[in-house]
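Source file: query_30.txt (compact mmCIF, C-alpha atoms)
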```txt
# COMPACT_ATOMS: atom_id res chain seq x y z
CA MET A 1 0.00 0.00 0.00
CA THR A 2 1.31 3.43 -0.93
CA VAL A 3 0.35 5.89 1.76
CA LEU A 4 1.12 9.37 0.47
CA GLY A 5 2.10 11.96 3.04
CA HIS A 6 3.44 9.30 5.40
CA SER A 7 5.89 7.62 3.05
CA MET A 8 9.50 6.93 4.02
CA LYS A 9 10.77 9.89 2.00
CA LYS A 10 9.20 13.29 2.53
CA PRO A 11 9.15 15.56 -0.52
CA SER A 12 11.61 18.43 -0.45
CA LEU A 13 10.46 22.02 -0.68
CA GLU A 14 11.76 22.12 -4.25
CA GLU A 15 9.76 19.03 -5.13
CA LEU A 16 6.62 20.54 -3.63
CA LYS A 17 7.19 23.76 -5.57
CA ALA A 18 7.62 21.77 -8.80
CA GLN A 19 4.38 19.90 -8.14
CA ALA A 20 2.56 23.16 -7.44
CA LYS A 21 3.81 24.59 -10.74
CA GLN A 22 2.57 21.52 -12.62
CA ILE A 23 -0.79 21.73 -10.90
CA ARG A 24 -1.08 25.38 -11.89
CA ARG A 25 -0.33 24.43 -15.49
CA ASP A 26 -3.06 21.80 -15.34
CA ILE A 27 -5.55 24.32 -13.96
CA ILE A 28 -4.79 26.74 -16.80
CA GLU A 29 -4.99 24.03 -19.47
CA MET A 30 -8.20 22.55 -18.10
CA THR A 31 -10.10 25.82 -17.85
CA GLY A 32 -8.61 27.23 -21.05
CA THR A 33 -9.46 24.13 -23.06
CA ALA A 34 -12.97 23.95 -21.62
CA GLY A 35 -13.53 27.68 -22.06
CA SER A 36 -15.11 27.80 -18.61
CA GLY A 37 -14.37 27.21 -14.96
CA HIS A 38 -12.89 29.05 -11.98
CA PRO A 39 -9.13 29.53 -12.34
CA GLY A 40 -8.60 32.38 -9.85
CA GLY A 41 -9.60 30.58 -6.67
CA SER A 42 -8.02 27.35 -7.84
CA LEU A 43 -4.65 29.04 -8.27
CA SER A 44 -4.84 30.79 -4.90
CA ALA A 45 -5.17 27.52 -2.99
CA THR A 46 -2.60 25.49 -4.93
CA GLU A 47 0.10 25.40 -2.25
CA LEU A 48 -2.47 24.58 0.44
CA ALA A 49 -3.79 21.51 -1.38
CA THR A 50 -0.35 20.44 -2.62
CA ALA A 51 1.06 20.47 0.92
CA LEU A 52 -1.88 18.46 2.24
CA TYR A 53 -1.85 15.74 -0.40
CA PHE A 54 1.89 15.30 -0.84
CA ALA A 55 3.44 16.16 2.52
CA ILE A 56 0.78 15.68 5.18
CA MET A 57 -2.28 13.55 4.48
CA ARG A 58 -2.52 9.78 4.74
CA HIS A 59 -4.30 8.51 1.63
CA ASP A 60 -3.95 5.76 -0.94
CA PRO A 61 -4.90 6.32 -4.61
CA GLN A 62 -5.07 2.53 -5.07
CA ASN A 63 -7.59 2.27 -2.23
CA PRO A 64 -9.65 5.49 -2.19
CA LYS A 65 -12.10 4.15 0.40
CA TRP A 66 -9.38 3.06 2.83
CA THR A 67 -11.04 3.38 6.24
CA ASP A 68 -8.09 5.07 7.93
CA ARG A 69 -7.45 7.66 5.23
CA ASP A 70 -7.46 11.37 6.02
CA ARG A 71 -10.40 13.22 4.50
CA PHE A 72 -10.24 16.38 2.37
CA ILE A 73 -13.44 18.37 1.83
CA LEU A 74 -13.31 21.06 -0.87
CA SER A 75 -16.04 23.30 0.50
CA LYS A 76 -15.30 25.85 -2.23
CA GLY A 77 -16.44 23.36 -4.85
CA HIS A 78 -16.07 25.81 -7.73
CA ALA A 79 -12.29 25.31 -7.33
CA SER A 80 -12.73 21.81 -8.77
CA PRO A 81 -9.87 22.32 -11.30
CA LEU A 82 -7.51 22.37 -8.31
CA LEU A 83 -8.92 19.19 -6.81
CA TYR A 84 -8.89 17.32 -10.13
CA SER A 85 -5.30 18.39 -10.84
CA ILE A 86 -4.23 17.24 -7.38
CA LEU A 87 -5.98 13.88 -7.71
CA ALA A 88 -4.44 13.27 -11.13
CA GLU A 89 -0.98 14.22 -9.84
CA ALA A 90 -1.45 11.81 -6.93
CA GLY A 91 -2.47 8.96 -9.24
CA TYR A 92 -6.20 8.63 -8.64
CA PHE A 93 -6.86 8.68 -12.39
CA ASP A 94 -5.01 9.11 -15.67
CA ARG A 95 -3.99 12.73 -16.09
CA ASN A 96 -5.08 12.59 -19.75
CA MET A 97 -8.62 12.79 -18.39
CA LEU A 98 -8.01 16.34 -17.17
CA LEU A 99 -8.70 17.82 -20.59
CA THR A 100 -12.23 16.38 -20.50
CA PHE A 101 -13.05 18.94 -17.79
CA ARG A 102 -16.67 20.10 -18.09
CA GLU A 103 -17.31 17.96 -21.17
CA LEU A 104 -20.72 16.30 -21.35
CA GLY A 105 -20.44 12.86 -19.72
CA SER A 106 -17.06 13.52 -18.10
CA PRO A 107 -16.74 12.75 -14.37
CA LEU A 108 -14.77 16.00 -14.09
CA GLN A 109 -17.78 18.21 -13.66
CA GLY A 110 -17.75 21.92 -12.91
CA HIS A 111 -18.29 21.02 -9.25
CA PRO A 112 -17.01 17.76 -7.74
CA ASP A 113 -19.37 14.79 -7.61
CA MET A 114 -18.34 12.00 -5.22
CA ARG A 115 -20.56 9.55 -7.11
CA ARG A 116 -18.57 9.99 -10.30
CA LEU A 117 -14.92 10.21 -9.28
CA ALA A 118 -12.77 8.23 -6.84
CA GLY A 119 -10.98 10.42 -4.32
CA VAL A 120 -13.72 13.02 -4.04
CA GLU A 121 -14.99 12.91 -0.46
CA ALA A 122 -18.01 15.21 -0.86
CA SER A 123 -20.17 16.66 -3.61
CA THR A 124 -19.79 20.39 -3.07
CA GLY A 125 -20.65 23.65 -4.76
CA SER A 126 -23.42 25.09 -2.61
CA LEU A 127 -21.19 27.33 -0.55
CA GLY A 128 -21.22 27.12 3.23
CA GLN A 129 -21.87 23.38 3.49
CA GLY A 130 -18.36 21.96 3.58
CA LEU A 131 -17.64 22.62 7.24
CA SER A 132 -20.83 20.81 8.27
CA ILE A 133 -19.80 17.83 6.15
CA GLY A 134 -16.36 17.89 7.73
CA ILE A 135 -17.86 17.85 11.22
CA GLY A 136 -19.80 14.74 10.25
CA HIS A 137 -16.58 12.99 9.25
CA ALA A 138 -14.83 14.12 12.42
CA LEU A 139 -17.67 12.88 14.65
CA ALA A 140 -17.69 9.55 12.79
CA ARG A 141 -13.97 9.26 13.50
CA ARG A 142 -14.68 9.75 17.20
CA LEU A 143 -17.43 7.12 17.22
CA ASP A 144 -15.31 4.63 15.27
CA GLN A 145 -12.25 5.37 17.42
CA LYS A 146 -10.09 6.08 14.39
CA ALA A 147 -7.08 8.38 14.11
CA TYR A 148 -7.66 10.14 10.79
CA TYR A 149 -7.94 13.90 10.30
CA THR A 150 -10.56 15.79 8.33
CA TYR A 151 -9.41 18.87 6.42
CA VAL A 152 -11.92 21.41 5.07
CA LEU A 153 -10.84 24.06 2.58
CA LEU A 154 -13.11 27.12 2.76
CA SER A 155 -13.28 30.24 0.63
CA ASP A 156 -13.42 33.62 2.33
CA GLY A 157 -16.56 34.59 0.40
CA GLU A 158 -18.47 31.60 1.71
CA THR A 159 -17.97 32.76 5.29
CA ASN A 160 -20.84 35.12 4.43
CA GLU A 161 -23.02 32.01 4.70
CA GLY A 162 -24.75 31.55 8.04
CA GLN A 163 -24.33 27.79 7.92
CA THR A 164 -20.57 28.24 8.23
CA TRP A 165 -21.01 29.92 11.60
CA GLU A 166 -23.63 27.44 12.80
CA ALA A 167 -21.10 24.71 12.05
CA ALA A 168 -18.32 26.67 13.75
CA ALA A 169 -20.38 27.00 16.93
CA MET A 170 -21.43 23.35 16.87
CA ALA A 171 -17.88 22.03 16.38
CA ALA A 172 -16.54 24.04 19.30
CA HIS A 173 -19.49 23.20 21.57
CA HIS A 174 -18.98 19.48 20.99
CA GLU A 175 -15.18 19.78 21.30
CA VAL A 176 -14.62 18.28 17.86
CA ASP A 177 -10.93 17.69 17.30
CA HIS A 178 -9.09 16.07 14.38
CA LEU A 179 -10.97 18.73 12.38
CA ILE A 180 -8.76 21.26 10.62
CA ALA A 181 -10.35 24.02 8.55
CA ILE A 182 -8.23 26.12 6.20
CA LEU A 183 -9.48 29.48 4.96
CA ASP A 184 -8.25 30.44 1.49
CA TYR A 185 -8.22 34.14 2.30
CA ASN A 186 -7.60 35.65 -1.14
CA LYS A 187 -9.77 38.73 -0.41
CA PHE A 188 -12.10 38.32 -3.44
CA GLN A 189 -15.41 36.62 -4.21
CA LEU A 190 -17.65 36.41 -7.27
CA ASP A 191 -18.75 40.02 -7.63
CA ASP A 192 -16.05 42.07 -5.91
CA ALA A 193 -13.53 42.25 -3.10
CA THR A 194 -14.80 40.55 0.06
CA HIS A 195 -14.61 43.76 2.06
CA GLU A 196 -16.99 45.39 -0.43
CA ILE A 197 -19.59 42.58 -0.40
CA CYS A 198 -19.70 41.75 3.31
CA ASP A 199 -16.52 42.45 5.25
CA MET A 200 -15.77 39.54 7.60
CA GLU A 201 -12.92 41.25 9.42
CA PRO A 202 -11.65 40.73 12.01
CA VAL A 203 -11.54 37.19 10.63
CA THR A 204 -9.08 35.71 13.12
CA ASP A 205 -10.85 37.22 16.11
CA LYS A 206 -14.19 35.86 14.92
CA TRP A 207 -12.92 32.27 14.82
CA LYS A 208 -11.23 32.70 18.18
CA ALA A 209 -14.52 34.00 19.60
CA PHE A 210 -16.15 30.77 18.42
CA ASN A 211 -13.53 28.94 20.52
CA TRP A 212 -11.42 27.55 17.71
CA ASP A 213 -7.64 27.26 17.83
CA VAL A 214 -6.58 29.81 15.19
CA GLN A 215 -3.36 30.47 13.28
CA GLU A 216 -2.59 32.99 10.54
CA ILE A 217 -0.07 32.11 7.83
CA ASP A 218 1.21 32.89 4.35
CA GLY A 219 -0.82 30.44 2.29
CA HIS A 220 1.84 30.23 -0.41
CA ASP A 221 4.72 29.27 1.88
CA PHE A 222 5.07 25.51 2.18
CA GLU A 223 7.07 25.60 5.41
CA SER A 224 4.43 27.77 7.09
CA ILE A 225 1.59 25.56 5.85
CA ILE A 226 3.20 22.34 7.07
CA LYS A 227 4.15 23.83 10.42
CA ALA A 228 0.62 25.17 10.95
CA VAL A 229 -1.00 21.84 10.13
CA GLN A 230 1.38 19.99 12.44
CA HIS A 231 0.39 22.36 15.24
CA ALA A 232 -3.33 21.91 14.46
CA GLN A 233 -2.98 18.12 14.55
CA LYS A 234 -1.90 18.33 18.19
CA ILE A 235 -4.98 20.27 19.32
CA LYS A 236 -7.30 18.20 21.51
CA ASP A 237 -10.99 18.78 22.32
CA GLN A 238 -11.12 21.80 20.03
CA PRO A 239 -11.40 22.38 16.27
CA ALA A 240 -8.59 24.21 14.46
CA MET A 241 -8.67 26.98 11.87
CA ILE A 242 -5.75 28.08 9.69
CA VAL A 243 -6.33 31.50 8.12
CA ALA A 244 -4.15 31.36 5.01
CA HIS A 245 -3.48 34.70 3.33
CA THR A 246 -3.32 34.06 -0.40
CA ILE A 247 -3.36 35.87 -3.74
CA LYS A 248 -6.17 35.17 -6.16
CA GLY A 249 -4.77 33.94 -9.47
CA LYS A 250 -1.36 33.29 -7.87
CA GLY A 251 1.40 32.29 -10.27
CA VAL A 252 0.12 34.02 -13.40
CA SER A 253 1.01 37.72 -13.47
CA PHE A 254 -2.06 39.03 -15.29
CA MET A 255 -4.41 36.90 -13.17
CA GLU A 256 -3.04 37.86 -9.76
CA ASN A 257 -5.56 39.97 -7.79
CA ASN A 258 -7.61 40.22 -11.00
CA ASN A 259 -11.14 39.18 -10.06
CA HIS A 260 -12.11 38.91 -13.73
CA PHE A 261 -10.69 35.40 -13.54
CA HIS A 262 -12.86 34.31 -10.61
CA GLY A 263 -15.20 32.45 -12.95
CA VAL A 264 -13.84 33.28 -16.40
CA ALA A 265 -11.44 30.93 -18.17
CA PRO A 266 -8.37 32.24 -20.00
CA THR A 267 -8.71 32.70 -23.73
CA LYS A 268 -6.46 30.64 -26.00
CA GLU A 269 -3.97 33.51 -26.16
CA GLU A 270 -4.13 34.06 -22.39
CA MET A 271 -3.66 30.34 -21.83
CA LYS A 272 -0.53 30.42 -24.00
CA ARG A 273 0.85 33.40 -22.05
CA ALA A 274 0.09 31.78 -18.69
CA LEU A 275 1.73 28.48 -19.63
CA GLU A 276 4.83 30.36 -20.79
CA GLU A 277 5.06 32.01 -17.38
CA LEU A 278 4.67 28.64 -15.69
CA ALA A 279 7.25 26.88 -17.86
```
What does this structure look like when you write it as structure tokens?
Amino acid sequence: MTVLGHSMKKPSLEELKAQAKQIRRDIIEMTGTAGSGHPGGSLSATELATALYFAIMRHDPQNPKWTDRDRFILSKGHASPLLYSILAEAGYFDRNMLLTFRELGSPLQGHPDMRRLAGVEASTGSLGQGLSIGIGHALARRLDQKAYYTYVLLSDGETNEGQTWEAAAMAAHHEVDHLIAILDYNKFQLDDATHEICDMEPVTDKWKAFNWDVQEIDGHDFESIIKAVQHAQKIKDQPAMIVAHTIKGKGVSFMENNNHFHGVAPTKEEMKRALEELA
């Protein structure tokens, strides 16, 4: 059994950076070829997901339903290009399938569907639901007396959803541990900057007020990500939140902090330019 994240040899920082660059290339090619999708928020969370799948999580592409696997819930389901790129890189399916993204009949739908693709833990896309799903996994772990962790990747825009805060209160009240939420805090959502739509600051203080263990990090720095997760894994009788400051569209100069690319794919010419930058 190949257990990624807990193998004998840990990936180096250079290896993680190389994987992140390849994943960014896949995101650009997938959305550019399909002519649709959400590249901006996929690119902002690339280091976060890369660190989890290749340096931290226990999971086995040959046995996706392994009982003791760590769980990853992509609450921001519109960032499916990121999840698909990660799963292909990890070996869950042939990477040639990536270019069928959003094609009729392809399992690589615009939002992830756990019924169609191995490795997808939850069908997401209705924002605000992922944390509740993660709590369910974490409580099941407690009942089954297992040791796995559940990771939930949230967007900052979806913290406008009331269900997120209901889940936050419930997790703390029931002292749910082995639950690690990560906020992809790229400061933008569909229509504008988050502070223009519904400012959630002070973000860190809000999560602390809900009695979560909270850390703030640079969401593009692998060492910071790994260190923060290792700290969160040690927290007992309390859920953990990692507020990761990121840049929307990270890695492609003309996409960075450009909210046009929230839900707009690059044109053929833009795709060419982006891939040249990521060469």
Quick one: distance from CA of Ile135 in chain A to CA of Glu175 in chain A in Å, one decimal?
10.6 Å
Surrounding residues of Ser132 in chain A excluding itself and chain neighbours under 2 positions, 8 Å, all atoms listed in the file, as a PyMOL selection string:
chain A and resi 129-130+134-136+163-164+167
What's the 8 Å shell around range 90-107 of chain A, counting all atoms listed in the file, without same-chain residues fewer than 2 positions away, as a list in words?
Asp26, Glu29, Met30, Thr31, Thr33, Ala34, Ser36, Tyr53, Phe54, Pro61, Gln62, Pro64, Pro81, Tyr84, Ser85, Ile86, Leu87, Ala88, Gln109, Gly110, Asp113, Arg116, Leu117, Ala118 and Gly119 of chain A
Taking a cut-off of 9 Å and counting all atoms listed in the file, can you build a table that, for each residue of range 33-116 of chain A near range 221-232 of chain A, reports the nearest atom pair and how far apart they are in Å (one decimal), sorted by chain then residue number, as JSON lines?
```
{"residue": "A:Glu47", "atom": "CA", "partner": "A:Phe222", "partner_atom": "CA", "distance": 6.7}
{"residue": "A:Leu48", "atom": "CA", "partner": "A:Ile225", "partner_atom": "CA", "distance": 6.8}
{"residue": "A:Thr50", "atom": "CA", "partner": "A:Phe222", "partner_atom": "CA", "distance": 8.8}
{"residue": "A:Ala51", "atom": "CA", "partner": "A:Phe222", "partner_atom": "CA", "distance": 6.6}
{"residue": "A:Leu52", "atom": "CA", "partner": "A:Ile226", "partner_atom": "CA", "distance": 8.0}
{"residue": "A:Ala55", "atom": "CA", "partner": "A:Ile226", "partner_atom": "CA", "distance": 7.7}
{"residue": "A:Ile56", "atom": "CA", "partner": "A:Ile226", "partner_atom": "CA", "distance": 7.3}
```
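Between CA of Pro11 in chain A and CA of His111 in chain A lies a distance of 29.3 Å.
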To box range 46-49 of chain A, take all atoms listed in the file, fit an axis-aligned box, add 5 Å on each side, and give centre and edge lengths in Å to one decimal, as AutoDock Vina command-line options.
```
--center_x -1.8 --center_y 23.5 --center_z -2.2 --size_x 13.9 --size_y 14.0 --size_z 15.4
```
Got a sec: who's within 8 Å of range 189-196 of chain A, counting all atoms listed in the file, leaving out chain neighbours fewer than 5 positions off, as a list in words?
Asp156, Gly157, Glu201, Asn259, His262 and Gly263 of chain A
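Rounded to one decimal, CA of Gly219 in chain A and CA of Thr246 in chain A lie 5.2 Å from each other.
With only C-alpha atoms as the atoms that count, the minimum distance from Asp218 in chain A to the choices A:Ser155, A:Ser126, A:Ser44, A:Gln238 is reached by A:Ser44.
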Got a sec: who's within 10 Å of Lys208 in chain A, counting all atoms listed in the file, leaving out chain neighbours fewer than 6 positions off, as an mmCIF file with C-alpha atoms, in the coordinates of the input?
```cif
data_model
loop_
_atom_site.group_PDB
_atom_site.id
_atom_site.type_symbol
_atom_site.label_atom_id
_atom_site.label_comp_id
_atom_site.auth_asym_id
_atom_site.auth_seq_id
_atom_site.Cartn_x
_atom_site.Cartn_y
_atom_site.Cartn_z
ATOM 1 C CA VAL A 214 -6.580 29.810 15.190
ATOM 2 C CA GLN A 215 -3.360 30.470 13.280
ATOM 3 C CA ALA A 240 -8.590 24.210 14.460
ATOM 4 C CA MET A 241 -8.670 26.980 11.870
#
```
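Here the question is which of A:Leu108, A:Val176, A:Ile182, A:Ala169 gets nearest to Asp237 in chain A using only C-alpha atoms, and that residue is A:Val176.
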